[in-house]
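Student: Before anything else, here's the structure in question.
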Protein chains: 4
Amino acid sequence: MRAAVLPGYDLDFVVETIPDPMIQHSNDVIVKVGAAGFCRTDIHIWMGQLAELHKAAGVSMPFVCGHETAGWVVEVGPGVTHVSVGDAVLLHPLATCGYCMACRRGDDMHCEDSVFPGIAAQGGFAEYVKTNARAIVPLPEGLTPRDVAPLADAGLTAYRAVRKALPLTTPGTRTVVMGAGGLGHIGIQALRSLSQTDIIVVDRSEQALEHAKIWGADHVVSTKDDGSHVKEIMDLTLGNGADVVLDFIGEHGPQFDAINVLGRHGTDIIAGYGGRLDFDILAQLLTPEATIVGSLVGTYNELVELLALTSRGAVTLTTTEFPLEGINDALSTLNSGSMIGRGMLIP
Amino acid sequence: MRAAVLPGYDLDFVVETIPDPMIQHSNDVIVKVGAAGFCRTDIHIWMGQLAELHKAAGVSMPFVCGHETAGWVVEVGPGVTHVSVGDAVLLHPLATCGYCMACRRGDDMHCEDSVFPGIAAQGGFAEYVKTNARAIVPLPEGLTPRDVAPLADAGLTAYRAVRKALPLTTPGTRTVVMGAGGLGHIGIQALRSLSQTDIIVVDRSEQALEHAKIWGADHVVSTKDDGSHVKEIMDLTLGNGADVVLDFIGEHGPQFDAINVLGRHGTDIIAGYGGRLDFDILAQLLTPEATIVGSLVGTYNELVELLALTSRGAVTLTTTEFPLEGINDALSTLNSGSMIGRGMLIP
Amino acid sequence: MRAAVLPGYDLDFVVETIPDPMIQHSNDVIVKVGAAGFCRTDIHIWMGQLAELHKAAGVSMPFVCGHETAGWVVEVGPGVTHVSVGDAVLLHPLATCGYCMACRRGDDMHCEDSVFPGIAAQGGFAEYVKTNARAIVPLPEGLTPRDVAPLADAGLTAYRAVRKALPLTTPGTRTVVMGAGGLGHIGIQALRSLSQTDIIVVDRSEQALEHAKIWGADHVVSTKDDGSHVKEIMDLTLGNGADVVLDFIGEHGPQFDAINVLGRHGTDIIAGYGGRLDFDILAQLLTPEATIVGSLVGTYNELVELLALTSRGAVTLTTTEFPLEGINDALSTLNSGSMIGRGMLIP
Amino acid sequence: MRAAVLPGYDLDFVVETIPDPMIQHSNDVIVKVGAAGFCRTDIHIWMGQLAELHKAAGVSMPFVCGHETAGWVVEVGPGVTHVSVGDAVLLHPLATCGYCMACRRGDDMHCEDSVFPGIAAQGGFAEYVKTNARAIVPLPEGLTPRDVAPLADAGLTAYRAVRKALPLTTPGTRTVVMGAGGLGHIGIQALRSLSQTDIIVVDRSEQALEHAKIWGADHVVSTKDDGSHVKEIMDLTLGNGADVVLDFIGEHGPQFDAINVLGRHGTDIIAGYGGRLDFDILAQLLTPEATIVGSLVGTYNELVELLALTSRGAVTLTTTEFPLEGINDALSTLNSGSMIGRGMLIP
């Protein structure tokens, strides 16, 4: 099959012919890729930042990235009975075991015996990709692989964070969303369609903030270098602070703003990463009785829910498509900050 | 293998040699039976009350009952990697698929593609029984199949009901337990070890009430034919009624007492069955703002939790053992009401 | 002051002059009535159905009904500091104590020492009404007493039931709403604005069903005398049954349909009343593992949330206004089934 | 009345005669002090660390500390009906308003209009203390002021943290408790009586660890200067890490150990304070999907629950009594680390 392979860290991706994936275990599934989202994590892999993880997982170059994949089932292992050849499907990013206690409580990302295609096994920037039957999410009628591929990771990560927020975002509350980019774009739409909390979106880009209003923001605040946006946010909450912050950035400073704009008994849900966080336990955690919640990708059932939202039109992805050969363009476009919506390879 | 088979409804069980179960699916597991609990449901099967279910499931006579099984793994299918021959195990009563949304949220009893050995497939009153890898619960060190078999159904059903009660049984609350028999015996111990609610146990048998005190009851009330026990219960709650009722009977009247002793915002959790319930919506449901909760067996993870409780000594089973050939004695002993604890066959 | 008084059960209301209410306790508040909703419960009072409750509460004729009141504060007791004369306010229906454990956990309707104006004390069909400071909800800017009065009871009852449903109405679920009348009209709007569950509204009136679509129903089903609507509902759920039923009727049969259209692990939330409910514990409660939840009016904080929803335009009341003298018209209009939206007296 | 007053920061307390407190508001209550716990916060006040808070609250010297008070009601304001002169009572530390949304949801510590005797108003190191009716918790029969005073703050703070942990401490889980001192001493007993989680207690003092075993610890680990206790804790969790950490220290290092011994999807509940916390968002918060929860004192209803636990004998306080004149001894004893249990003044 044709695949966009990474010959080595920091080298251009190359489209070449590699062996097709083959069924090895009874619940393996092979999917013909219809669309594969291009994620910032692919840049991290390209830069070699996951080299250690790769070493531990026995990954060697050339490697096929791509962990946001949708397509059609072309072959299933002998133990697979509920998935059929020809089904249009979205792949939950993790191929889980179904036997550990984490799997059994629906906590897929903490499976004790999983495979992560595109991260620690060959991924979706290719004509075909192998996963297992536990990862297969059938597409609802009316949705095609091109409509949904980036939901598998970016969408799911945003949705899980929103879902953690929902019990707290009752009418009359205020929610600050840090970041109206890849994650925020889905997060804001999901939050809007599932709550009537007052949504304040904070971003550095005026263009993103314009979009945020369309996605459902009640207020938008532009990040300022002098930090004056923190006061602006506080004023929008009438000095009370936010009930919830959804931090889709998690680096470069907004993670500190998040803590600072929380109101009493507020909750800071962090799904973006890259930075560190530090705070005074008495003044910033105990006195306001704050909670800080990490959120990691999402579960299979949450992905089904996100598809239901998409199917109803409550959430719509914005994407820019590239052919498989355009993978290096996708990388440079994303790297330069000029990608409109999510980049997506169409093999 | 030797098995205690039911030749036809209402006929004596017969111990005879039948073919050994065989691995057919990649995740099948065959277990050598160490102990198998004898349940009232086995009497219902014997009487033919599940004939319709049997017809629907394609079950034909002779049939092997037994759905509370523990033993040792003797053979596994080719797709099974986390269970090994020789493991001492308890069997969750349902062999679930691991793929439907119910399984994925840990809601095993609502699996859309399950097999129920002992109810709708050959069960555990035999030397060997077949289930699948999803049903296998490894025994914690120090516990043997004889210590735990009846936990698989009676124990699990009681524990799940208690678990539903726990968020409501905060210190200072009052919990009424209807029934100190098969279910109540585990339920009272579990509730006692996990809460400091004031426990009021109600039963018709003075002997059972004596045991209830040892298991952790704070008060016991003997059921009276004139219904005066309802006032007795209300007096023990200082007229406020119970915060929670755990109804382990669900027939013959206690289900109505349950509703009548509930206090404001009370919750009636029903795990016993056989009867009907009816009430006035305004006076008995809305004005007190009551909740009525059905509880059905339990999940795999709950069974693991119950084993942890047992392993710590917080819950102890009382059993009476019979050889496989004693199955008809087990039936008549249970039927006559003279079984001490749970009857258990040792093949 | 002028008041519409009930001279005796079953007699026409009469507008006459009665003494003004007076501050007696330190936290009393007197409100000039701007609007007062006319509720079916007022008909029950008129018919004498609450005679026993009245006797217990020491209520004597002539009596002033009206428990859905909004207006402006005109006088406060010496202990009241957070409410000021002139404030536009909505009255939570119950004047609670603020000291019992129910009040302290926000569970206002279960206050152990409350007064219920319009039910068990003089109510809002008058120029002035007395309540206490705990019942005072300030109106958000932009809302007047005429916009909100019926939210105090009808709206709040519907909203609390919806709020109990929300954790269960995740995307992809199906919710059946029984009744698109006084409660359903708010309930459907609230549910639509706070979830993306598939909403199936069931009512006997085709006109109500037309409105239900505007309020946010995905599907509507007309109640048939032959009961065929139950199959219609089941078909809309693809045979799975509903995840949640919101029963805003609770009499005349729909309460049984509710149980019958529940899917596995479904929840039946009942806020309408008048009838009885009965079911088979094994087949209808335990096997599907159903939950039946009574819902009673709502809390102060929930009323604040409902006002926030109204303020955002997510919920809009439909009302028909009558002068105080038109109270008997309001009664006959409601009684004849021809009231459009909620009847409301404007003293 | 006689009171132990602080003449100025860093000066010895002096017992002298000051004016009796007087009823000023309709819901004021005056309590004759039976016992008053001496808390580390009293040392912070003595050292002047709350000077700024004092300035903001208009507190001037001489000041009466003491925020853990129990005694008997001697006088009530005209609006108080549910509390009577002579009642034996424990004082919730905060005198709350009962009207703000925080009070109404039972979230007492976040009341928007409260008074904090002993911190920002005259406190309990005196013959009499003034609070309001909302703060009055009646003692259950069999308990006297001397049995319970320190429950008001130290006990309540520990109990609330444990209560936040309980939904997570299911059988089979592992809970690490940092600190077996003032808070831990109550926390361990409460956790033991309400769960069967495997409790691992960590402390620097071997003596405290000996007590911890009696209070219910399953394992104890002594803090080592070389940090090797972290590996010891991890080994006790079989390398999985803890499901929950209760950090009753929050300074001097254990707050970092807490994060480091958390397992996947673990929760770190912090009730001790003094230090800072910092971590890498990706590696320490997102990848394990950790949650960090601040916990602040507790609610009135939680204090009632803690009294119920105490009344049942599930929690027992250890105290050392001093006469009012012994206040400087209490301070030096606590400061030197030689206080056995909680110091308590008996005026």
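Going by the structure tokens order, chains are called A, B, ..., each with residues numbered from 1, while ligands are numbered from 1 in the order shown.
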Could you list, as a ChimeraX atom specification, every residue within 12 Å of D:Leu53, counting only C-alpha atoms and ignoring same-chain residues fewer than 6 positions away?
Tutor: /D:44-45,59-60,116,119-121
Student: Store the residues picked out above, limited to N, CA and C atoms, as a short mmCIF file (atom, residue, chain, number, x, y, z; two decimals), in the first residue's frame.
Tutor:
```
data_model
loop_
_atom_site.label_atom_id
_atom_site.label_comp_id
_atom_site.auth_asym_id
_atom_site.auth_seq_id
_atom_site.Cartn_x
_atom_site.Cartn_y
_atom_site.Cartn_z
N HIS D 44 -0.85 31.22 64.46
CA HIS D 44 -0.66 32.14 63.33
C HIS D 44 -1.19 33.53 63.66
N ILE D 45 -2.31 33.58 64.37
CA ILE D 45 -2.87 34.88 64.76
C ILE D 45 -1.91 35.57 65.73
N VAL D 59 -10.70 44.39 62.98
CA VAL D 59 -10.38 43.79 64.27
C VAL D 59 -9.27 44.60 64.94
N SER D 60 -9.46 44.91 66.20
CA SER D 60 -8.38 45.62 66.91
C SER D 60 -8.02 44.85 68.18
N PHE D 116 -16.82 35.32 61.36
CA PHE D 116 -15.97 34.20 61.78
C PHE D 116 -15.44 34.48 63.19
N ILE D 119 -11.63 34.44 64.60
CA ILE D 119 -10.72 34.81 63.50
C ILE D 119 -10.91 36.29 63.17
N ALA D 120 -12.16 36.67 62.92
CA ALA D 120 -12.42 38.05 62.52
C ALA D 120 -13.45 38.71 63.43
N ALA D 121 -13.76 38.07 64.53
CA ALA D 121 -14.64 38.64 65.57
C ALA D 121 -14.26 37.96 66.88
#
```
Student: Identify all chain B residues at most 12 Å from chain C by counting only C-alpha atoms; ligands do not count. Present them as a VMD selection string.
Tutor: chain B and resid 101 to 102 107 to 112 157 160 to 161 164 172 to 173 240 247 to 252 255 to 256 263 to 298
Student: Only C-alpha atoms, please: the residues just picked out, written as a short mmCIF file (atom, residue, chain, number, x, y, z; two decimals), in the first residue's frame.
Tutor:
```
data_model
loop_
_atom_site.label_atom_id
_atom_site.label_comp_id
_atom_site.auth_asym_id
_atom_site.auth_seq_id
_atom_site.Cartn_x
_atom_site.Cartn_y
_atom_site.Cartn_z
CA MET B 101 -22.22 0.39 24.77
CA ALA B 102 -23.57 -1.25 27.94
CA ASP B 107 -23.09 -2.09 32.77
CA ASP B 108 -22.58 -5.82 32.24
CA MET B 109 -26.10 -7.01 33.02
CA HIS B 110 -27.42 -5.00 30.08
CA CYS B 111 -25.01 -6.45 27.53
CA GLU B 112 -26.74 -6.79 24.18
CA THR B 157 -27.16 -8.81 43.86
CA ARG B 160 -25.04 -3.82 44.04
CA ALA B 161 -28.18 -2.78 45.91
CA LYS B 164 -26.68 2.12 45.13
CA GLY B 172 -27.11 10.20 60.93
CA THR B 173 -29.35 8.55 58.31
CA ASN B 240 -39.15 10.63 60.34
CA ASP B 247 -35.94 -4.42 49.90
CA PHE B 248 -34.37 -7.88 49.54
CA ILE B 249 -37.80 -9.55 49.47
CA GLY B 250 -39.99 -7.79 46.90
CA GLU B 251 -43.07 -9.94 47.47
CA HIS B 252 -45.60 -11.09 50.08
CA GLN B 255 -42.64 -4.17 49.29
CA PHE B 256 -45.60 -2.12 50.53
CA GLY B 263 -39.23 9.41 54.99
CA ARG B 264 -39.11 12.61 52.95
CA HIS B 265 -36.80 12.37 49.95
CA GLY B 266 -36.37 8.69 50.70
CA THR B 267 -35.19 5.97 48.34
CA ASP B 268 -36.57 2.46 48.05
CA ILE B 269 -34.05 0.10 46.43
CA ILE B 270 -35.60 -3.19 45.37
CA ALA B 271 -33.49 -6.28 44.69
CA GLY B 272 -35.95 -8.99 45.71
CA TYR B 273 -38.81 -9.92 43.45
CA GLY B 274 -41.93 -11.91 42.87
CA GLY B 275 -44.66 -9.41 43.69
CA ARG B 276 -46.26 -6.28 42.34
CA LEU B 277 -46.08 -2.77 43.71
CA ASP B 278 -48.68 -0.04 43.52
CA PHE B 279 -49.02 3.39 45.06
CA ASP B 280 -50.70 6.77 44.84
CA ILE B 281 -48.48 9.06 42.77
CA LEU B 282 -49.25 12.28 44.65
CA ALA B 283 -49.36 11.02 48.20
CA GLN B 284 -46.68 8.33 48.11
CA LEU B 285 -44.25 9.37 45.37
CA LEU B 286 -44.44 13.15 44.79
CA THR B 287 -45.26 14.63 48.19
CA PRO B 288 -42.43 12.77 49.94
CA GLU B 289 -40.39 13.07 46.70
CA ALA B 290 -39.52 9.39 46.82
CA THR B 291 -37.38 7.40 44.40
CA ILE B 292 -37.86 3.72 43.61
CA VAL B 293 -34.83 1.95 42.23
CA GLY B 294 -34.70 -1.49 40.65
CA SER B 295 -31.41 -3.35 41.07
CA LEU B 296 -30.35 -6.28 38.89
CA VAL B 297 -27.52 -8.64 39.89
CA GLY B 298 -24.36 -6.56 39.40
#
```
Student: I'd like the neighbourhood of D:Tyr300 as a VMD selection string, where a residue qualifies if any of its atoms comes within 7 Å (using only C-alpha atoms), though same-chain residues fewer than 3 positions away should be ignored.
Tutor: chain D and resid 92 108 303 to 304
Student: Run DSSP on the backbone of this structure and report the residues of stretch 215-265 of chain C it assigns to strand (DSSP E or B), as a VMD selection string.
Tutor: chain C and resid 219 to 222 242 to 247 262 to 265
Student: Mind dumping the selected residues with all heavy atoms as a CSV table (one decimal), in the first residue's frame?
Tutor:
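What ended up in selection_20.csv:
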```
chain,number,residue,atom,x,y,z
C,219,HIS,N,-39.6,14.7,17.7
C,219,HIS,CA,-40.7,13.9,17.2
C,219,HIS,C,-41.9,14.2,18.1
C,219,HIS,O,-41.8,14.4,19.3
C,219,HIS,CB,-40.5,12.4,17.2
C,219,HIS,CG,-39.1,12.1,16.7
C,219,HIS,ND1,-38.8,11.9,15.4
C,219,HIS,CD2,-37.9,11.9,17.4
C,219,HIS,CE1,-37.5,11.6,15.3
C,219,HIS,NE2,-37.0,11.5,16.5
C,220,VAL,N,-43.1,14.1,17.5
C,220,VAL,CA,-44.3,14.2,18.3
C,220,VAL,C,-45.2,13.0,18.0
C,220,VAL,O,-45.3,12.5,16.9
C,220,VAL,CB,-45.1,15.5,18.1
C,220,VAL,CG1,-44.3,16.7,18.4
C,220,VAL,CG2,-45.6,15.6,16.6
C,221,VAL,N,-45.9,12.6,19.1
C,221,VAL,CA,-46.8,11.4,18.9
C,221,VAL,C,-48.1,11.7,19.6
C,221,VAL,O,-48.2,12.2,20.7
C,221,VAL,CB,-46.2,10.2,19.6
C,221,VAL,CG1,-47.2,9.0,19.7
C,221,VAL,CG2,-44.9,9.7,19.0
C,222,SER,N,-49.2,11.5,18.8
C,222,SER,CA,-50.5,11.8,19.3
C,222,SER,C,-51.1,10.6,20.1
C,222,SER,O,-51.0,9.5,19.6
C,222,SER,CB,-51.4,12.1,18.1
C,222,SER,OG,-52.7,12.3,18.5
C,242,ALA,N,-37.1,4.3,25.7
C,242,ALA,CA,-36.5,5.6,26.1
C,242,ALA,C,-35.5,5.4,27.2
C,242,ALA,O,-35.7,4.6,28.1
C,242,ALA,CB,-37.7,6.5,26.5
C,243,ASP,N,-34.5,6.3,27.2
C,243,ASP,CA,-33.6,6.4,28.3
C,243,ASP,C,-34.2,7.1,29.5
C,243,ASP,O,-34.0,6.7,30.6
C,243,ASP,CB,-32.3,7.1,27.8
C,243,ASP,CG,-31.6,6.4,26.8
C,243,ASP,OD1,-30.9,5.4,27.1
C,243,ASP,OD2,-31.9,6.7,25.6
C,244,VAL,N,-35.1,8.1,29.2
C,244,VAL,CA,-35.7,8.8,30.2
C,244,VAL,C,-37.2,9.1,29.8
C,244,VAL,O,-37.4,9.4,28.6
C,244,VAL,CB,-35.0,10.2,30.4
C,244,VAL,CG1,-35.8,11.0,31.5
C,244,VAL,CG2,-33.6,10.0,30.8
C,245,VAL,N,-38.1,9.0,30.7
C,245,VAL,CA,-39.4,9.6,30.5
C,245,VAL,C,-39.7,10.7,31.5
C,245,VAL,O,-39.4,10.5,32.7
C,245,VAL,CB,-40.5,8.5,30.6
C,245,VAL,CG1,-41.9,9.1,30.5
C,245,VAL,CG2,-40.3,7.4,29.6
C,246,LEU,N,-40.1,11.8,31.0
C,246,LEU,CA,-40.6,12.9,31.8
C,246,LEU,C,-42.1,12.9,31.8
C,246,LEU,O,-42.7,13.2,30.8
C,246,LEU,CB,-40.1,14.2,31.3
C,246,LEU,CG,-38.6,14.5,31.6
C,246,LEU,CD1,-38.0,15.6,30.7
C,246,LEU,CD2,-38.4,14.9,33.1
C,247,ASP,N,-42.7,12.5,32.9
C,247,ASP,CA,-44.2,12.3,32.9
C,247,ASP,C,-44.8,13.6,33.6
C,247,ASP,O,-44.7,13.7,34.8
C,247,ASP,CB,-44.6,11.1,33.7
C,247,ASP,CG,-46.1,10.9,33.7
C,247,ASP,OD1,-46.8,11.8,33.2
C,247,ASP,OD2,-46.5,9.8,34.2
C,262,LEU,N,-40.1,2.6,28.6
C,262,LEU,CA,-38.7,2.7,29.1
C,262,LEU,C,-37.9,1.6,28.5
C,262,LEU,O,-38.3,0.5,28.5
C,262,LEU,CB,-38.8,2.5,30.6
C,262,LEU,CG,-38.9,3.7,31.6
C,262,LEU,CD1,-38.7,3.3,33.0
C,262,LEU,CD2,-38.0,4.9,31.2
C,263,GLY,N,-36.6,2.0,28.2
C,263,GLY,CA,-35.7,1.0,27.7
C,263,GLY,C,-34.9,0.5,28.9
C,263,GLY,O,-35.1,0.8,30.1
C,264,ARG,N,-33.9,-0.3,28.7
C,264,ARG,CA,-33.1,-0.9,29.7
C,264,ARG,C,-32.4,0.2,30.5
C,264,ARG,O,-31.8,1.1,29.9
C,264,ARG,CB,-32.0,-1.9,29.2
C,264,ARG,CG,-32.7,-3.1,28.6
C,264,ARG,CD,-31.7,-4.2,28.2
C,264,ARG,NE,-31.2,-4.9,29.4
C,264,ARG,CZ,-31.8,-5.9,30.0
C,264,ARG,NH1,-32.9,-6.4,29.6
C,264,ARG,NH2,-31.3,-6.4,31.1
C,265,HIS,N,-32.3,0.1,31.8
C,265,HIS,CA,-31.7,1.1,32.7
C,265,HIS,C,-32.3,2.4,32.5
C,265,HIS,O,-31.7,3.5,32.7
C,265,HIS,CB,-30.2,1.1,32.4
C,265,HIS,CG,-29.5,0.9,33.7
C,265,HIS,ND1,-28.2,0.4,33.8
C,265,HIS,CD2,-29.8,1.1,35.0
C,265,HIS,CE1,-27.8,0.3,35.0
C,265,HIS,NE2,-28.8,0.7,35.8
```
Student: Within 7 Å of stretch 2-5 of chain C, counting only C-alpha atoms, which residues qualify if same-chain residues fewer than 3 places away don't, as number ranges by chain?
Tutor: C: 13-18, 62-64, 125-127, 324
Student: Quick one: residues within 12 Å of A:Thr333, only C-alpha atoms, excluding same-chain residues fewer than 2 positions away - as a list in words?
Tutor: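 My reading of the contact set: Phe38, Cys39, Arg40, Ile43, Thr320, Glu321, Phe322, Gly326, Ile327, Asn328, Asp329, Ala330, Leu331, Asn335, Ser336, Gly337, Ser338, Met339, Ile340, Gly341, Arg342, Gly343 and Met344 of chain A.
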Student: Between atom CA of B:Thr299 and atom CA of B:Val148, what is the spacing in Å?
Tutor: 16.1 Å
Student: Which parts of stretch 25-255 of chain C does DSSP call alpha helix (DSSP H) when run on the backbone here, written out as a PyMOL selection string?
Tutor: chain C and resi 40-46+51-57+101-104+145-148+154-165+182-194+206-215+229-236+254-255
Student: Quick one: residues within 6 Å of B:Gly71, only C-alpha atoms counted, chain neighbours fewer than 4 positions away excluded, as a PyMOL selection string?
Tutor: chain B and resi 32-34+88-89+145
Student: Give me a file of those residues, with all heavy atoms, as a short mmCIF file (atom, residue, chain, number, x, y, z; two decimals), in the first residue's frame.
Tutor:
```cif
data_model
loop_
_atom_site.label_atom_id
_atom_site.label_comp_id
_atom_site.auth_asym_id
_atom_site.auth_seq_id
_atom_site.Cartn_x
_atom_site.Cartn_y
_atom_site.Cartn_z
N LYS B 32 -12.93 -25.92 35.71
CA LYS B 32 -13.25 -27.08 36.57
C LYS B 32 -13.96 -26.52 37.79
O LYS B 32 -13.42 -25.67 38.51
CB LYS B 32 -11.95 -27.79 36.97
CG LYS B 32 -12.18 -28.99 37.88
CD LYS B 32 -10.88 -29.80 38.03
CE LYS B 32 -11.03 -30.81 39.19
NZ LYS B 32 -12.29 -31.58 39.12
N VAL B 33 -15.18 -27.02 38.03
CA VAL B 33 -16.01 -26.44 39.09
C VAL B 33 -15.51 -26.87 40.47
O VAL B 33 -15.38 -28.07 40.74
CB VAL B 33 -17.48 -26.86 38.89
CG1 VAL B 33 -18.35 -26.30 40.02
CG2 VAL B 33 -17.99 -26.39 37.53
N GLY B 34 -15.26 -25.89 41.34
CA GLY B 34 -14.86 -26.16 42.71
C GLY B 34 -16.05 -26.11 43.65
O GLY B 34 -16.12 -26.85 44.63
N ALA B 88 -7.30 -19.90 39.99
CA ALA B 88 -8.53 -20.04 40.79
C ALA B 88 -9.41 -18.85 40.49
O ALA B 88 -8.95 -17.70 40.59
CB ALA B 88 -8.19 -20.09 42.27
N VAL B 89 -10.65 -19.12 40.11
CA VAL B 89 -11.51 -18.03 39.61
C VAL B 89 -12.95 -18.14 40.11
O VAL B 89 -13.44 -19.22 40.43
CB VAL B 89 -11.52 -18.01 38.07
CG1 VAL B 89 -10.13 -17.77 37.51
CG2 VAL B 89 -12.10 -19.30 37.50
N PRO B 145 -12.38 -21.43 45.89
CA PRO B 145 -13.72 -21.49 45.28
C PRO B 145 -14.82 -21.73 46.31
O PRO B 145 -15.89 -21.13 46.22
CB PRO B 145 -13.58 -22.65 44.30
CG PRO B 145 -12.17 -22.56 43.83
CD PRO B 145 -11.40 -22.19 45.07
#
```
Student: Near C:Ser114, counting only C-alpha atoms, which residues have an atom at most 7 Å away, once you skip same-chain residues fewer than 6 positions from it, shown as a ChimeraX atom specification?
Tutor: /C:94-97
Student: Please save N, CA and C atoms of the selected residues as an mmCIF file, in the first residue's frame.
Tutor:
```cif
data_model
loop_
_atom_site.group_PDB
_atom_site.id
_atom_site.type_symbol
_atom_site.label_atom_id
_atom_site.label_comp_id
_atom_site.auth_asym_id
_atom_site.auth_seq_id
_atom_site.Cartn_x
_atom_site.Cartn_y
_atom_site.Cartn_z
ATOM 1 N N LEU C 94 -42.591 28.558 48.583
ATOM 2 C CA LEU C 94 -42.557 28.206 49.995
ATOM 3 C C LEU C 94 -41.706 29.217 50.775
ATOM 4 N N ALA C 95 -42.224 29.663 51.907
ATOM 5 C CA ALA C 95 -41.435 30.515 52.805
ATOM 6 C C ALA C 95 -40.787 29.590 53.827
ATOM 7 N N THR C 96 -39.493 29.352 53.675
ATOM 8 C CA THR C 96 -38.802 28.313 54.444
ATOM 9 C C THR C 96 -38.047 28.896 55.630
ATOM 10 N N CYS C 97 -37.583 27.981 56.522
ATOM 11 C CA CYS C 97 -37.007 28.442 57.793
ATOM 12 C C CYS C 97 -35.523 28.782 57.708
#
```
Student: One decimal, in Å: what's the spacing between atom CA of A:Asn132 and atom CA of A:Asn27?
Tutor: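 Interatomic distance, atom CA of A:Asn132 to atom CA of A:Asn27: 5.6 Å.
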Student: Atom CA of B:Leu156 and atom CA of B:Gly58, how far apart in Å?
Tutor: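 Between atom CA of B:Gly58 and atom CA of B:Leu156 the gap works out to 27.1 Å.
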